[in-house]
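The file entry_34.tsv contains TSV, C-alpha atoms (C1' of nucleotides):
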chain	number	residue	atom	x	y	z
A	3	MET	CA	-37.63	-27.27	-90.26
A	4	SER	CA	-39.36	-24.38	-88.52
A	5	THR	CA	-40.28	-26.60	-85.56
A	6	SER	CA	-36.85	-26.47	-84.02
A	7	LEU	CA	-36.79	-22.66	-84.09
A	8	SER	CA	-40.10	-22.01	-82.42
A	9	ASN	CA	-39.83	-20.77	-78.85
A	10	ALA	CA	-43.41	-19.60	-78.51
A	11	PRO	CA	-45.21	-20.68	-75.35
A	12	TYR	CA	-47.15	-23.90	-75.85
A	13	HIS	CA	-49.98	-22.98	-73.52
A	14	HIS	CA	-53.05	-23.52	-75.65
A	15	GLY	CA	-52.94	-27.19	-76.42
A	16	ASN	CA	-50.81	-26.83	-79.50
A	17	LEU	CA	-47.92	-28.80	-78.03
A	18	ARG	CA	-49.76	-32.04	-78.72
A	19	HIS	CA	-50.09	-31.17	-82.38
A	20	ALA	CA	-46.54	-29.90	-82.59
A	21	LEU	CA	-45.30	-33.17	-81.09
A	22	LEU	CA	-47.30	-35.29	-83.53
A	23	ASP	CA	-46.14	-33.24	-86.52
A	24	ALA	CA	-42.49	-33.44	-85.51
A	25	ALA	CA	-42.87	-37.14	-84.65
A	26	LEU	CA	-44.17	-37.90	-88.14
A	27	LEU	CA	-41.15	-36.18	-89.66
A	28	MET	CA	-38.78	-38.09	-87.40
A	29	LEU	CA	-40.57	-41.35	-88.14
A	30	GLN	CA	-40.24	-40.86	-91.88
A	31	ARG	CA	-36.58	-39.91	-91.58
A	32	ASP	CA	-35.30	-42.36	-88.95
A	33	GLY	CA	-37.92	-45.07	-88.60
A	34	GLU	CA	-39.72	-46.15	-85.46
A	35	ALA	CA	-36.55	-47.12	-83.60
A	36	GLY	CA	-35.08	-43.67	-84.25
A	37	LEU	CA	-38.06	-41.85	-82.80
A	38	GLY	CA	-36.88	-40.95	-79.30
A	39	LEU	CA	-39.07	-39.04	-76.87
A	40	ARG	CA	-36.17	-36.89	-75.74
A	41	ASP	CA	-35.10	-36.18	-79.32
A	42	LEU	CA	-38.68	-35.26	-80.08
A	43	ALA	CA	-38.87	-32.89	-77.11
A	44	ARG	CA	-35.59	-31.33	-78.22
A	45	ALA	CA	-36.85	-30.89	-81.78
A	46	VAL	CA	-39.95	-29.08	-80.54
A	47	GLY	CA	-37.92	-27.00	-78.09
A	48	VAL	CA	-39.44	-28.28	-74.88
A	49	SER	CA	-38.22	-30.13	-71.78
A	50	PRO	CA	-37.93	-33.97	-71.75
A	51	ALA	CA	-40.86	-34.23	-69.34
A	52	ALA	CA	-43.22	-32.00	-71.30
A	53	PRO	CA	-44.58	-34.67	-73.69
A	54	TYR	CA	-45.93	-36.60	-70.70
A	55	ARG	CA	-48.62	-33.93	-70.22
A	56	HIS	CA	-50.08	-35.11	-73.55
A	57	PHE	CA	-49.07	-38.77	-73.91
A	58	ASP	CA	-48.87	-41.41	-71.19
A	59	SER	CA	-45.81	-43.01	-72.70
A	60	ARG	CA	-43.76	-43.38	-75.85
A	61	ALA	CA	-46.06	-46.26	-76.85
A	62	ALA	CA	-49.09	-43.97	-76.53
A	63	LEU	CA	-47.43	-41.43	-78.83
A	64	LEU	CA	-46.71	-44.15	-81.37
A	65	GLU	CA	-50.31	-45.34	-81.13
A	66	ALA	CA	-51.61	-41.84	-81.82
A	67	LEU	CA	-49.33	-41.69	-84.86
A	68	ALA	CA	-50.57	-45.05	-86.09
A	69	VAL	CA	-54.20	-43.97	-85.65
A	70	THR	CA	-53.66	-40.92	-87.85
A	71	GLY	CA	-51.99	-43.26	-90.33
A	72	PHE	CA	-55.10	-45.45	-90.48
A	73	GLN	CA	-57.25	-42.35	-90.88
A	74	ARG	CA	-55.24	-41.20	-93.88
A	75	PHE	CA	-55.37	-44.71	-95.27
A	76	THR	CA	-59.14	-44.79	-94.83
A	77	ALA	CA	-59.46	-41.47	-96.63
A	78	ALA	CA	-57.33	-42.73	-99.53
A	79	MET	CA	-59.46	-45.86	-99.84
A	80	ASN	CA	-62.74	-43.97	-99.68
A	81	ALA	CA	-61.51	-41.54	-102.29
A	82	VAL	CA	-60.89	-44.40	-104.72
A	83	ALA	CA	-64.31	-45.91	-104.06
A	84	ALA	CA	-65.98	-42.52	-104.49
A	85	SER	CA	-64.33	-41.99	-107.89
A	86	GLN	CA	-66.10	-45.10	-109.23
A	87	PRO	CA	-63.29	-46.49	-111.38
A	88	PRO	CA	-64.13	-49.18	-113.99
A	89	ASP	CA	-62.29	-51.92	-112.06
A	90	LEU	CA	-62.83	-51.01	-108.41
A	91	LEU	CA	-60.89	-53.92	-106.96
A	92	ALA	CA	-57.81	-53.23	-109.07
A	93	ALA	CA	-57.96	-49.51	-108.35
A	94	MET	CA	-58.18	-50.08	-104.60
A	95	GLY	CA	-55.34	-52.57	-104.73
A	96	GLN	CA	-53.19	-50.03	-106.56
A	97	ALA	CA	-54.06	-47.36	-103.99
A	98	TYR	CA	-53.34	-49.79	-101.13
A	99	VAL	CA	-49.84	-50.60	-102.35
A	100	ARG	CA	-49.13	-47.01	-103.35
A	101	PHE	CA	-50.06	-45.80	-99.87
A	102	ALA	CA	-47.67	-48.32	-98.34
A	103	LEU	CA	-44.79	-47.28	-100.61
A	104	ASP	CA	-45.46	-43.55	-100.25
A	105	ASN	CA	-45.74	-43.77	-96.45
A	106	ALA	CA	-43.32	-46.60	-95.72
A	107	ALA	CA	-42.42	-45.89	-92.11
A	108	LEU	CA	-45.97	-44.92	-91.18
A	109	PHE	CA	-47.39	-48.04	-92.84
A	110	ARG	CA	-44.93	-50.22	-90.95
A	111	LEU	CA	-45.88	-48.51	-87.70
A	112	MET	CA	-49.58	-49.14	-88.41
A	113	PHE	CA	-48.82	-52.86	-88.47
A	114	SER	CA	-46.06	-52.87	-85.88
A	115	PRO	CA	-46.22	-55.73	-83.37
A	116	GLN	CA	-44.98	-53.23	-80.77
A	117	LEU	CA	-48.51	-51.85	-80.70
A	118	LYS	CA	-50.65	-54.80	-79.68
A	119	ARG	CA	-54.12	-54.03	-80.92
A	120	ASP	CA	-55.61	-56.17	-78.14
A	121	ASN	CA	-54.90	-53.56	-75.51
A	122	ARG	CA	-55.50	-50.55	-77.71
A	123	PRO	CA	-59.18	-50.19	-78.69
A	124	GLY	CA	-58.55	-46.86	-80.40
A	125	LEU	CA	-56.05	-48.44	-82.75
A	126	ARG	CA	-58.27	-51.44	-83.43
A	127	MET	CA	-61.22	-49.19	-84.30
A	128	ALA	CA	-59.09	-47.11	-86.65
A	129	ALA	CA	-57.79	-50.26	-88.34
A	130	ASP	CA	-61.28	-51.77	-88.67
A	131	ALA	CA	-62.60	-48.57	-90.21
A	132	ALA	CA	-59.75	-48.60	-92.72
A	133	PHE	CA	-60.53	-52.11	-93.92
A	134	ALA	CA	-64.30	-51.71	-93.91
A	135	THR	CA	-64.34	-50.09	-97.35
A	136	LEU	CA	-62.03	-52.76	-98.69
A	137	ARG	CA	-64.27	-55.51	-97.37
A	138	GLN	CA	-67.39	-54.13	-99.03
A	139	VAL	CA	-65.93	-54.45	-102.51
A	140	ARG	CA	-66.17	-58.20	-102.74
A	141	ASP	CA	-67.72	-59.31	-99.51
A	142	GLY	CA	-71.44	-59.70	-100.10
A	143	ASP	CA	-73.18	-62.21	-97.91
A	144	SER	CA	-71.99	-65.52	-99.30
A	145	ALA	CA	-69.21	-67.53	-97.70
A	146	SER	CA	-67.31	-67.69	-100.97
A	147	GLY	CA	-67.50	-63.90	-101.17
A	148	ARG	CA	-65.78	-63.66	-97.81
A	149	ILE	CA	-63.00	-66.02	-98.89
A	150	ALA	CA	-62.50	-64.13	-102.12
A	151	ALA	CA	-62.30	-60.85	-100.20
A	152	LEU	CA	-59.76	-62.24	-97.75
A	153	ALA	CA	-57.70	-63.70	-100.59
A	154	ALA	CA	-57.64	-60.36	-102.42
A	155	TRP	CA	-56.75	-58.52	-99.22
A	156	ALA	CA	-53.95	-60.95	-98.39
A	157	LYS	CA	-52.49	-60.66	-101.89
A	158	VAL	CA	-52.49	-56.89	-101.90
A	159	HIS	CA	-51.17	-56.62	-98.36
A	160	GLY	CA	-48.46	-59.19	-99.00
A	161	LEU	CA	-47.43	-57.39	-102.16
A	162	ALA	CA	-47.16	-54.12	-100.25
A	163	VAL	CA	-45.06	-55.66	-97.49
A	164	LEU	CA	-42.73	-57.57	-99.81
A	165	LEU	CA	-42.15	-54.48	-101.98
A	166	LEU	CA	-41.52	-52.41	-98.85
A	167	ASP	CA	-38.93	-54.92	-97.67
A	168	GLY	CA	-37.22	-55.01	-101.04
A	169	GLN	CA	-37.92	-58.73	-101.34
A	170	ILE	CA	-39.45	-58.46	-104.80
A	171	ALA	CA	-36.85	-57.45	-107.35
A	172	LEU	CA	-37.93	-55.40	-110.34
A	173	GLN	CA	-36.71	-56.55	-113.73
A	174	PRO	CA	-34.64	-54.05	-115.72
A	175	GLY	CA	-36.86	-51.29	-117.09
A	176	GLU	CA	-39.92	-52.66	-115.35
A	177	ASP	CA	-42.53	-50.20	-114.15
A	178	ILE	CA	-43.63	-50.78	-110.58
A	179	GLU	CA	-47.22	-49.66	-111.22
A	180	ALA	CA	-47.46	-52.11	-114.10
A	181	LEU	CA	-46.10	-54.92	-111.95
A	182	ILE	CA	-48.66	-54.17	-109.25
A	183	GLY	CA	-51.43	-54.16	-111.83
A	184	ALA	CA	-50.29	-57.46	-113.32
A	185	ILE	CA	-50.13	-59.17	-109.94
A	186	ILE	CA	-53.50	-57.82	-108.83
A	187	GLY	CA	-54.94	-58.92	-112.17
A	188	GLN	CA	-54.01	-62.53	-111.36
A	189	HIS	CA	-57.28	-63.52	-109.70
B	21	MET	CA	-34.44	-72.87	-67.63
B	22	SER	CA	-31.06	-74.49	-66.99
B	23	THR	CA	-29.25	-71.66	-68.75
B	24	SER	CA	-29.46	-69.29	-65.80
B	25	LEU	CA	-27.92	-71.84	-63.44
B	26	SER	CA	-24.85	-72.67	-65.47
B	27	ASN	CA	-21.63	-71.22	-64.14
B	28	ALA	CA	-19.29	-73.33	-66.22
B	29	PRO	CA	-16.47	-71.47	-67.97
B	30	TYR	CA	-17.36	-70.51	-71.52
B	31	HIS	CA	-13.88	-70.87	-72.87
B	32	HIS	CA	-14.33	-73.10	-75.87
B	33	GLY	CA	-16.58	-71.09	-78.14
B	34	ASN	CA	-19.81	-72.29	-76.57
B	35	LEU	CA	-20.76	-68.82	-75.34
B	36	ARG	CA	-21.84	-67.87	-78.83
B	37	HIS	CA	-24.21	-70.81	-79.00
B	38	ALA	CA	-25.44	-70.26	-75.46
B	39	LEU	CA	-26.20	-66.64	-76.30
B	40	LEU	CA	-28.13	-67.55	-79.44
B	41	ASP	CA	-30.13	-70.24	-77.65
B	42	ALA	CA	-31.06	-67.94	-74.78
B	43	ALA	CA	-31.78	-65.11	-77.21
B	44	LEU	CA	-34.25	-67.27	-79.12
B	45	LEU	CA	-36.10	-68.06	-75.89
B	46	MET	CA	-36.18	-64.40	-74.92
B	47	LEU	CA	-37.34	-63.41	-78.39
B	48	GLN	CA	-40.23	-65.88	-78.29
B	49	ARG	CA	-41.23	-64.78	-74.79
B	50	ASP	CA	-40.79	-61.01	-74.95
B	51	GLY	CA	-40.49	-60.10	-78.63
B	52	GLU	CA	-37.69	-58.21	-80.31
B	53	ALA	CA	-38.06	-55.10	-78.18
B	54	GLY	CA	-37.76	-57.20	-75.02
B	55	LEU	CA	-34.51	-58.79	-76.08
B	56	GLY	CA	-31.89	-56.78	-74.20
B	57	LEU	CA	-28.19	-57.50	-74.47
B	58	ARG	CA	-27.68	-57.02	-70.73
B	59	ASP	CA	-30.66	-59.21	-69.89
B	60	LEU	CA	-29.26	-61.81	-72.23
B	61	ALA	CA	-25.83	-61.68	-70.60
B	62	ARG	CA	-27.50	-62.01	-67.19
B	63	ALA	CA	-29.55	-64.99	-68.34
B	64	VAL	CA	-26.42	-66.78	-69.54
B	65	GLY	CA	-24.50	-65.78	-66.40
B	66	VAL	CA	-21.87	-63.63	-68.00
B	67	SER	CA	-20.77	-60.00	-67.81
B	68	PRO	CA	-22.51	-57.28	-69.89
B	69	ALA	CA	-19.41	-56.91	-72.06
B	70	ALA	CA	-18.93	-60.61	-72.80
B	71	PRO	CA	-21.35	-60.84	-75.77
B	72	TYR	CA	-19.22	-58.31	-77.64
B	73	ARG	CA	-16.51	-60.96	-78.08
B	74	HIS	CA	-18.98	-62.80	-80.33
B	75	PHE	CA	-21.27	-60.14	-81.81
B	76	ASP	CA	-20.34	-56.63	-82.92
B	77	SER	CA	-23.59	-55.17	-81.67
B	78	ARG	CA	-27.14	-55.98	-80.67
B	79	ALA	CA	-28.12	-55.62	-84.33
B	80	ALA	CA	-25.52	-58.25	-85.29
B	81	LEU	CA	-27.00	-60.63	-82.72
B	82	LEU	CA	-30.47	-60.06	-84.11
B	83	GLU	CA	-29.17	-60.64	-87.62
B	84	ALA	CA	-27.64	-63.98	-86.61
B	85	LEU	CA	-30.97	-64.94	-85.10
B	86	ALA	CA	-32.82	-63.96	-88.26
B	87	VAL	CA	-30.39	-65.95	-90.40
B	88	THR	CA	-31.06	-69.11	-88.39
B	89	GLY	CA	-34.75	-68.35	-88.80
B	90	PHE	CA	-34.41	-68.28	-92.58
B	91	GLN	CA	-32.43	-71.52	-92.44
B	92	ARG	CA	-35.20	-73.26	-90.52
B	93	PHE	CA	-37.72	-71.79	-92.92
B	94	THR	CA	-35.72	-73.08	-95.89
B	95	ALA	CA	-35.58	-76.55	-94.33
B	96	ALA	CA	-39.34	-76.56	-93.78
B	97	MET	CA	-39.97	-75.56	-97.38
B	98	ASN	CA	-37.56	-78.11	-98.79
B	99	ALA	CA	-39.14	-80.83	-96.65
B	100	VAL	CA	-42.52	-80.10	-98.20
B	101	ALA	CA	-41.11	-80.14	-101.72
B	102	ALA	CA	-39.26	-83.40	-101.03
B	103	SER	CA	-42.45	-85.10	-99.82
B	104	GLN	CA	-44.01	-84.58	-103.27
B	105	PRO	CA	-47.56	-83.74	-102.19
B	106	PRO	CA	-50.37	-83.88	-104.80
B	107	ASP	CA	-50.86	-80.10	-104.78
B	108	LEU	CA	-47.37	-78.73	-104.20
B	109	LEU	CA	-48.33	-75.06	-104.29
B	110	ALA	CA	-51.08	-75.50	-101.69
B	111	ALA	CA	-48.86	-77.62	-99.46
B	112	MET	CA	-46.07	-75.06	-99.52
B	113	GLY	CA	-48.50	-72.26	-98.81
B	114	GLN	CA	-49.84	-74.16	-95.79
B	115	ALA	CA	-46.29	-74.75	-94.55
B	116	TYR	CA	-45.40	-71.09	-95.13
B	117	VAL	CA	-48.27	-69.80	-93.02
B	118	ARG	CA	-47.87	-72.50	-90.39
B	119	PHE	CA	-44.19	-71.61	-89.97
B	120	ALA	CA	-45.14	-67.97	-89.44
B	121	LEU	CA	-47.77	-68.81	-86.84
B	122	ASP	CA	-45.60	-71.38	-85.03
B	123	ASN	CA	-42.59	-69.04	-84.92
B	124	ALA	CA	-44.30	-65.69	-84.67
B	125	ALA	CA	-41.56	-63.59	-83.08
B	126	LEU	CA	-38.83	-65.18	-85.19
B	127	PHE	CA	-40.82	-64.71	-88.40
B	128	ARG	CA	-41.37	-61.05	-87.55
B	129	LEU	CA	-37.67	-60.62	-86.88
B	130	MET	CA	-36.83	-62.20	-90.24
B	131	PHE	CA	-38.80	-59.41	-91.93
B	132	SER	CA	-38.02	-56.67	-89.46
B	133	PRO	CA	-37.20	-53.29	-91.01
B	134	GLN	CA	-34.66	-52.87	-88.20
B	135	LEU	CA	-32.41	-55.24	-90.15
B	136	LYS	CA	-31.91	-53.55	-93.50
B	137	ARG	CA	-31.00	-56.31	-95.90
B	138	ASP	CA	-29.08	-53.81	-98.04
B	139	ASN	CA	-26.23	-53.64	-95.57
B	140	ARG	CA	-26.38	-57.27	-94.48
B	141	PRO	CA	-25.35	-59.66	-97.26
B	142	GLY	CA	-25.56	-62.68	-94.95
B	143	LEU	CA	-29.19	-61.98	-94.22
B	144	ARG	CA	-30.00	-61.34	-97.87
B	145	MET	CA	-28.41	-64.61	-98.92
B	146	ALA	CA	-30.31	-66.54	-96.28
B	147	ALA	CA	-33.56	-64.91	-97.37
B	148	ASP	CA	-32.90	-65.56	-101.06
B	149	ALA	CA	-32.16	-69.21	-100.36
B	150	ALA	CA	-35.41	-69.51	-98.42
B	151	PHE	CA	-37.50	-68.22	-101.31
B	152	ALA	CA	-35.63	-70.07	-104.02
B	153	THR	CA	-37.63	-73.27	-103.49
B	154	LEU	CA	-40.85	-71.30	-103.46
B	155	ARG	CA	-39.98	-69.62	-106.73
B	156	GLN	CA	-39.28	-72.87	-108.55
B	157	VAL	CA	-42.80	-74.15	-108.02
B	158	ARG	CA	-44.46	-71.87	-110.52
B	159	ASP	CA	-41.70	-69.84	-112.01
B	160	GLY	CA	-40.65	-71.47	-115.20
B	161	ASP	CA	-39.23	-69.16	-117.86
B	162	SER	CA	-42.29	-67.35	-119.11
B	163	ALA	CA	-43.16	-63.85	-117.97
B	164	SER	CA	-46.66	-64.95	-116.96
B	165	GLY	CA	-45.09	-67.68	-114.82
B	166	ARG	CA	-43.12	-65.07	-112.93
B	167	ILE	CA	-46.22	-62.97	-112.31
B	168	ALA	CA	-48.18	-66.00	-111.15
B	169	ALA	CA	-45.37	-66.95	-108.77
B	170	LEU	CA	-45.17	-63.44	-107.33
B	171	ALA	CA	-48.96	-63.32	-106.92
B	172	ALA	CA	-48.99	-66.64	-105.07
B	173	TRP	CA	-46.09	-65.56	-102.89
B	174	ALA	CA	-47.73	-62.22	-102.06
B	175	LYS	CA	-51.02	-63.91	-101.17
B	176	VAL	CA	-49.41	-66.44	-98.86
B	177	HIS	CA	-47.12	-63.91	-97.24
B	178	GLY	CA	-49.93	-61.42	-96.75
B	179	LEU	CA	-52.11	-64.11	-95.22
B	180	ALA	CA	-49.33	-65.02	-92.79
B	181	VAL	CA	-48.76	-61.42	-91.76
B	182	LEU	CA	-52.45	-60.56	-91.37
B	183	LEU	CA	-53.09	-63.69	-89.29
B	184	LEU	CA	-50.04	-62.91	-87.16
B	185	ASP	CA	-51.36	-59.41	-86.52
B	186	GLY	CA	-54.81	-60.67	-85.62
B	187	GLN	CA	-56.31	-58.65	-88.48
B	188	ILE	CA	-58.22	-61.58	-89.92
B	189	ALA	CA	-60.97	-62.71	-87.58
B	190	LEU	CA	-61.96	-66.35	-87.52
B	191	GLN	CA	-65.66	-67.12	-87.68
B	192	PRO	CA	-67.09	-69.11	-84.76
B	193	GLY	CA	-65.96	-72.72	-84.96
B	194	GLU	CA	-63.83	-72.07	-88.02
B	195	ASP	CA	-60.66	-74.10	-88.41
B	196	ILE	CA	-57.61	-72.02	-89.23
B	197	GLU	CA	-56.02	-74.68	-91.43
B	198	ALA	CA	-59.23	-74.91	-93.45
B	199	LEU	CA	-59.34	-71.14	-93.83
B	200	ILE	CA	-55.76	-71.10	-95.07
B	201	GLY	CA	-56.54	-73.85	-97.55
B	202	ALA	CA	-59.62	-72.06	-98.83
B	203	ILE	CA	-57.77	-68.80	-99.35
B	204	ILE	CA	-54.81	-70.46	-101.05
B	205	GLY	CA	-57.25	-72.36	-103.24
B	206	GLN	CA	-58.53	-69.03	-104.62
B	207	HIS	CA	-56.15	-68.74	-107.54
C	13	DA	C1'	-53.26	-26.12	-66.36
C	14	DC	C1'	-48.94	-26.67	-68.37
C	15	DC	C1'	-44.08	-26.89	-68.31
C	16	DT	C1'	-39.09	-27.11	-66.09
C	17	DG	C1'	-35.08	-29.24	-63.63
C	18	DA	C1'	-33.28	-32.71	-61.54
C	19	DA	C1'	-33.28	-37.21	-60.47
C	20	DC	C1'	-33.91	-42.66	-60.92
C	21	DA	C1'	-33.19	-46.91	-62.93
C	22	DC	C1'	-32.00	-48.45	-66.68
C	23	DC	C1'	-29.78	-49.12	-71.68
C	24	DG	C1'	-25.85	-50.32	-75.54
C	25	DT	C1'	-21.15	-49.90	-75.96
C	26	DT	C1'	-16.08	-49.20	-74.87
C	27	DC	C1'	-11.83	-50.15	-72.68
C	28	DA	C1'	-8.47	-51.14	-69.47
C	29	DA	C1'	-7.37	-54.93	-66.77
C	30	DG	C1'	-7.41	-59.68	-65.31
C	31	DT	C1'	-6.78	-65.11	-66.26
D	4	DA	C1'	-8.09	-65.80	-76.52
D	5	DC	C1'	-11.83	-64.83	-73.69
D	6	DC	C1'	-14.02	-62.58	-69.99
D	7	DT	C1'	-14.63	-58.95	-65.96
D	8	DG	C1'	-15.40	-54.31	-63.82
D	9	DA	C1'	-16.05	-49.95	-64.27
D	10	DA	C1'	-17.14	-46.28	-66.87
D	11	DC	C1'	-19.57	-43.17	-70.74
D	12	DA	C1'	-23.28	-41.25	-72.96
D	13	DC	C1'	-27.40	-42.00	-73.41
D	14	DC	C1'	-32.62	-43.66	-72.67
D	15	DG	C1'	-37.92	-43.53	-70.78
D	16	DT	C1'	-40.16	-42.04	-66.89
D	17	DT	C1'	-41.29	-39.68	-62.36
D	18	DC	C1'	-41.88	-35.88	-59.35
D	19	DA	C1'	-41.28	-31.83	-56.93
D	20	DA	C1'	-41.25	-27.18	-58.06
D	21	DG	C1'	-42.14	-23.12	-60.80
D	22	DT	C1'	-45.49	-19.82	-63.68

As structure tokens, what does this structure read like?
Amino acid sequence: MSTSLSNAPYHHGNLRHALLDAALLMLQRDGEAGLGLRDLARAVGVSPAAPYRHFDSRAALLEALAVTGFQRFTAAMNAVAASQPPDLLAAMGQAYVRFALDNAALFRLMFSPQLKRDNRPGLRMAADAAFATLRQVRDGDSASGRIAALAAWAKVHGLAVLLLDGQIALQPGEDIEALIGAIIGQH
Amino acid sequence: MSTSLSNAPYHHGNLRHALLDAALLMLQRDGEAGLGLRDLARAVGVSPAAPYRHFDSRAALLEALAVTGFQRFTAAMNAVAASQPPDLLAAMGQAYVRFALDNAALFRLMFSPQLKRDNRPGLRMAADAAFATLRQVRDGDSASGRIAALAAWAKVHGLAVLLLDGQIALQPGEDIEALIGAIIGQH
DNA sequence: ACCTGAACACCGTTCAAGT
DNA sequence: ACCTGAACACCGTTCAAGT
């Protein structure tokens, strides 16, 4: 809310940060489609051309946002692993889904087809780093370990996406955390 | 390819169909973001305002496209169930993922956050119908049946989405159908 | 080095007017 | 009833010019 009032000169590299901060707010409020570069410039109090000193295009801005999303996601995953919970897999699954629900628009952007990972090595690296911790939980060396890890990943990711889309209906009085736990418990 | 050459008068309700057909082609070629209403009108050989006689907005056109996607998906699922395969759950899972991979852009549109199902009863109904068959496989009446059904659904849907996004890497020489089967087999 | 102002080539959408 | 032509209010992006 203070971003739109600031008229200080952005001459020390802070415009990039100010743009990313404001963009995250706009993303959470209006979704990816509602995140306009001109709106963003307006919100930060700068001319429509100014963002182009810091981002090549709107897509590049979105990519930077998605990369920070993966970094936060990585941190959340590592924090769970570091806390050494009794059931690591279940705890990471819970954290995975919770992150998606708590950061809906950002999570969707991280997996948006608009940002093709093929042409964006920075995004691919950030995504790979995020899933590295997840892979270690069950992976091991055996082939069956790999399949089990992929199956667990797919289940948790699918659960996150379906909940995000409102496809899974909660039963009256049902706790969402409990539902997540029950579904993850179904090995 | 013949669509752009037609200059016949669209005066008998065929413009709506022509628009949807051309839109599906554009969607598959350029993705949702590349599907412009003016481009579409150009491709069909009609003025920029003409589509508005048949669709309230670009979003309404996308919704109609998504609804046909769910209808095709429903048909594919019902076909599998009707063929009475030995392992119904595995067969439906295979068909689910195969549909996603064979109709990537359409599948993404069906689950696009751009189309909020809350405000679009037609889309919600089409989606519910599509998943009804899937639910019957494992659902039953018991609470554990519901959880098992949701877990299977989440796993298959997550697998489809992660494959679509290129997040799951195939090992050298690995067959994708076999991978799908192995992951679905992990109950 | 970083930002402004004005422009370019587009959009989606509306509306009078044509047939 | 269905479509056209022209317009409106926007976009993302570029580029000369300012400081």

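If only C-alpha atoms (C1' of nucleotides) are the atoms counted, then among A:Leu26, A:Ala66, A:Ala52, A:Ala145 the closest residue to chain C is A:Ala52.
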
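Going from CA of Arg126 in chain A to CA of His159 in chain A covers 17.3 Å.
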
Discussion item. Here is a test: counting all atoms listed in the file, which residue of A:Pro53, A:Gly187, A:Pro174, A:Pro88 is nearest to DT16 in chain D?
Written reply: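 Closest to DT16 in chain D of all the choices is A:Pro53.
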
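Of the residues listed (A:Ala43, A:Leu136, A:Ile178, A:Ala171), A:Leu136 shows the shortest atom-to-atom separation from Leu90 in chain A; distances use all atoms listed in the file.
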
Taking only C-alpha atoms (C1' of nucleotides) into account, produce a table as a tab-separated table in which each residue of chain D with an atom at most 9 Å from an atom of chain A appears once, together with its shortest atom pair and the distance in Å to one decimal, ordered by chain and rising number.
residue	atom	partner	partner_atom	distance
D:DC14	C1'	A:Arg40	CA	8.2
D:DG15	C1'	A:Leu39	CA	7.7
D:DT16	C1'	A:Ser59	CA	8.2
D:DT17	C1'	A:Ala51	CA	8.9

Write the selection just made, keeping C-alpha atoms (C1' of nucleotides), as a compact mmCIF listing (two decimals), in the coordinates of the input?
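As a result, again-v3.txt now contains:
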# COMPACT_ATOMS: atom_id res chain seq x y z
C1' DC D 14 -32.62 -43.66 -72.67
C1' DG D 15 -37.92 -43.53 -70.78
C1' DT D 16 -40.16 -42.04 -66.89
C1' DT D 17 -41.29 -39.68 -62.36

Fill in: Separation of CA of Ser132 in chain B from CA of Ala62 in chain A in Å
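Straight-line distance from CA of Ala62 in chain A to CA of Ser132 in chain B works out to 21.2 Å.
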
In terms of all atoms listed in the file, the residue from B:Leu183, B:Ala99, B:Ala86, B:Ser67 at minimal distance from DG8 in chain D is B:Ser67

Practice task
Just need the residues of chain B within 7 Å of chain A, counting only C-alpha atoms, so spit them out as a list in words.
Solution key: Ile167, Ala168, Ala171, Ala174, Lys175, His177, Gly178, Leu179, Ala202, Ile203, Gln206 and His207 of chain B

From CA of Ala61 in chain A to CA of Arg62 in chain B the spacing works out at 26.2 Å

Got a minute to add N, CA, C and O atoms to range 66-72 of chain B and dump it as a compact mmCIF listing (two decimals), in the frame of the given file?
# COMPACT_ATOMS: atom_id res chain seq x y z
N VAL B 66 -23.13 -64.16 -67.50
CA VAL B 66 -21.87 -63.63 -68.00
C VAL B 66 -21.92 -62.10 -67.89
O VAL B 66 -22.98 -61.53 -67.71
N SER B 67 -20.80 -61.45 -67.99
CA SER B 67 -20.77 -60.00 -67.81
C SER B 67 -21.40 -59.29 -69.01
O SER B 67 -21.47 -59.85 -70.10
N PRO B 68 -21.86 -58.03 -68.81
CA PRO B 68 -22.51 -57.28 -69.89
C PRO B 68 -21.62 -57.12 -71.13
O PRO B 68 -22.14 -56.96 -72.24
N ALA B 69 -20.32 -57.14 -70.94
CA ALA B 69 -19.41 -56.91 -72.06
C ALA B 69 -19.09 -58.19 -72.82
O ALA B 69 -18.61 -58.14 -73.95
N ALA B 70 -19.35 -59.33 -72.22
CA ALA B 70 -18.93 -60.61 -72.80
C ALA B 70 -19.51 -60.86 -74.20
O ALA B 70 -18.79 -61.34 -75.08
N PRO B 71 -20.79 -60.58 -74.44
CA PRO B 71 -21.35 -60.84 -75.77
C PRO B 71 -20.59 -60.15 -76.90
O PRO B 71 -20.62 -60.63 -78.04
N TYR B 72 -19.91 -59.07 -76.60
CA TYR B 72 -19.22 -58.31 -77.64
C TYR B 72 -17.99 -59.03 -78.18
O TYR B 72 -17.41 -58.61 -79.17
